[in-house]
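Asker: Let me begin by handing over the structure; questions about it come next.
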Amino acid sequence: MNKSILPPELQVIEFPDWVSWLAQDADGAWWGYEVEPLLHDNGWYENELGRHIGVLTALPCEDWRERLVRVK
């Protein structure tokens, strides 16, 4: 996983090996996903495919829709 592409607060977190995507919801919550998540009104969801895990809660972000990162 290339952590240099992540926001600083995520660079120090160890993620499970299966996490391939990270995304931030409108409320500031970051989630790790096994499969590329889908967008909904206030965040992202796994569409019943793959696993997901809560990573951390940061401050809410206005550009959260642009906070989808493929990490591997």
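Residues are named by chain letter and number: chains run A, B, ... in the order of the structure tokens, numbers start at 1 in each chain, and ligands are numbered from 1 in the order shown.
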Please identify the helix (DSSP H, G or I) residues within chain A (assignment by DSSP from backbone atoms) and present them as a list in words.

Answerer: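 Put together, the selection reads Lys3, Ser4, Ile5, Pro8, Glu9, Leu10, Gln11, Trp64, Arg65 and Glu66 of chain A.
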
Asker: Excluding A:Asn42 and any residue of its chain fewer than 3 positions from it, enumerate the residues within 10 Å of it, using only C-alpha atoms, and give them as a VMD selection string.

Answerer: chain A and resid 24 to 27 39 45 64 to 65

Asker: Report the closest atom pair, with its distance in Å rounded to one decimal, for each residue of stretch 6-30 of chain A that has an atom no farther than 7 Å from stretch 66-72 of chain A; count only C-alpha atoms, sort by chain and then rising residue number, and write it as a Markdown table.

Answerer:
| residue | atom | partner | partner_atom | distance |
| --- | --- | --- | --- | --- |
| A:Ser20 | CA | A:Lys72 | CA | 5.1 |
| A:Trp21 | CA | A:Arg70 | CA | 4.5 |
| A:Leu22 | CA | A:Val69 | CA | 5.2 |
| A:Ala23 | CA | A:Leu68 | CA | 4.3 |
| A:Gln24 | CA | A:Arg67 | CA | 5.5 |

Asker: As an MDAnalysis selection string, please: the residues near A:Gly54 (cut-off 8 Å, only C-alpha atoms, same-chain neighbours under 5 positions excluded).

Answerer: chainID A and resid 29:32

Asker: Could you write out, as number ranges by chain, all the residues of chain A that DSSP marks as strand (DSSP E or B)?

Answerer: A: 21-24, 29-33, 38-40, 43-45, 52-57, 68-70

Asker: Those residues you just picked out, can you put them in a file as a JSON list (two decimals), in the first residue's frame with C-alpha atoms?

Answerer:
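out-v7.json, written as the output of this step:
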[["chain", "number", "residue", "atom", "x", "y", "z"],
["A", 21, "TRP", "CA", -10.13, 1.53, -1.20],
["A", 22, "LEU", "CA", -10.50, 4.30, 1.39],
["A", 23, "ALA", "CA", -13.34, 6.81, 1.35],
["A", 24, "GLN", "CA", -14.55, 9.64, 3.54],
["A", 29, "ALA", "CA", -15.90, 9.15, 8.86],
["A", 30, "TRP", "CA", -13.24, 7.27, 6.88],
["A", 31, "TRP", "CA", -13.95, 3.70, 5.79],
["A", 32, "GLY", "CA", -11.83, 0.98, 4.24],
["A", 33, "TYR", "CA", -13.38, -1.17, 1.51],
["A", 38, "LEU", "CA", -20.61, 3.32, -4.46],
["A", 39, "LEU", "CA", -21.66, 6.90, -3.79],
["A", 40, "HIS", "CA", -24.88, 7.80, -1.99],
["A", 43, "GLY", "CA", -21.21, 8.96, 1.85],
["A", 44, "TRP", "CA", -20.11, 5.67, 0.37],
["A", 45, "TYR", "CA", -21.40, 2.11, 0.68],
["A", 52, "HIS", "CA", -15.72, -2.74, 4.92],
["A", 53, "ILE", "CA", -14.25, -1.39, 8.13],
["A", 54, "GLY", "CA", -14.44, 1.91, 9.99],
["A", 55, "VAL", "CA", -11.01, 3.55, 10.03],
["A", 56, "LEU", "CA", -11.30, 6.88, 11.83],
["A", 57, "THR", "CA", -13.54, 9.91, 12.22],
["A", 68, "LEU", "CA", -12.15, 8.15, -2.62],
["A", 69, "VAL", "CA", -8.66, 6.67, -2.83],
["A", 70, "ARG", "CA", -7.53, 3.39, -4.38]]

Asker: How many Å separate atom CA of A:Arg51 from atom CA of A:Glu9?

Answerer: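 Value for the atom CA of A:Arg51-atom CA of A:Glu9 distance: 22.0 Å.
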
Asker: Using only C-alpha atoms, can you tell me which of A:Glu46, A:Ala58, A:Glu36, A:Gly28 comes closest to A:Pro8?

Answerer: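 Looking at the shortest contact to A:Pro8, the residue is A:Ala58.
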
Asker: For atom CA of A:Glu48 and atom CA of A:Pro16, quote the distance in Å rounded to one decimal.

Answerer: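 Separating atom CA of A:Glu48 from atom CA of A:Pro16 is a distance of 18.6 Å.
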
Asker: Please indicate the distance in Å from atom CA of A:Phe15 to atom CA of A:Asn47, rounded to one decimal place.

Answerer: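 Result for atom CA of A:Phe15 versus atom CA of A:Asn47: 20.6 Å, one decimal.
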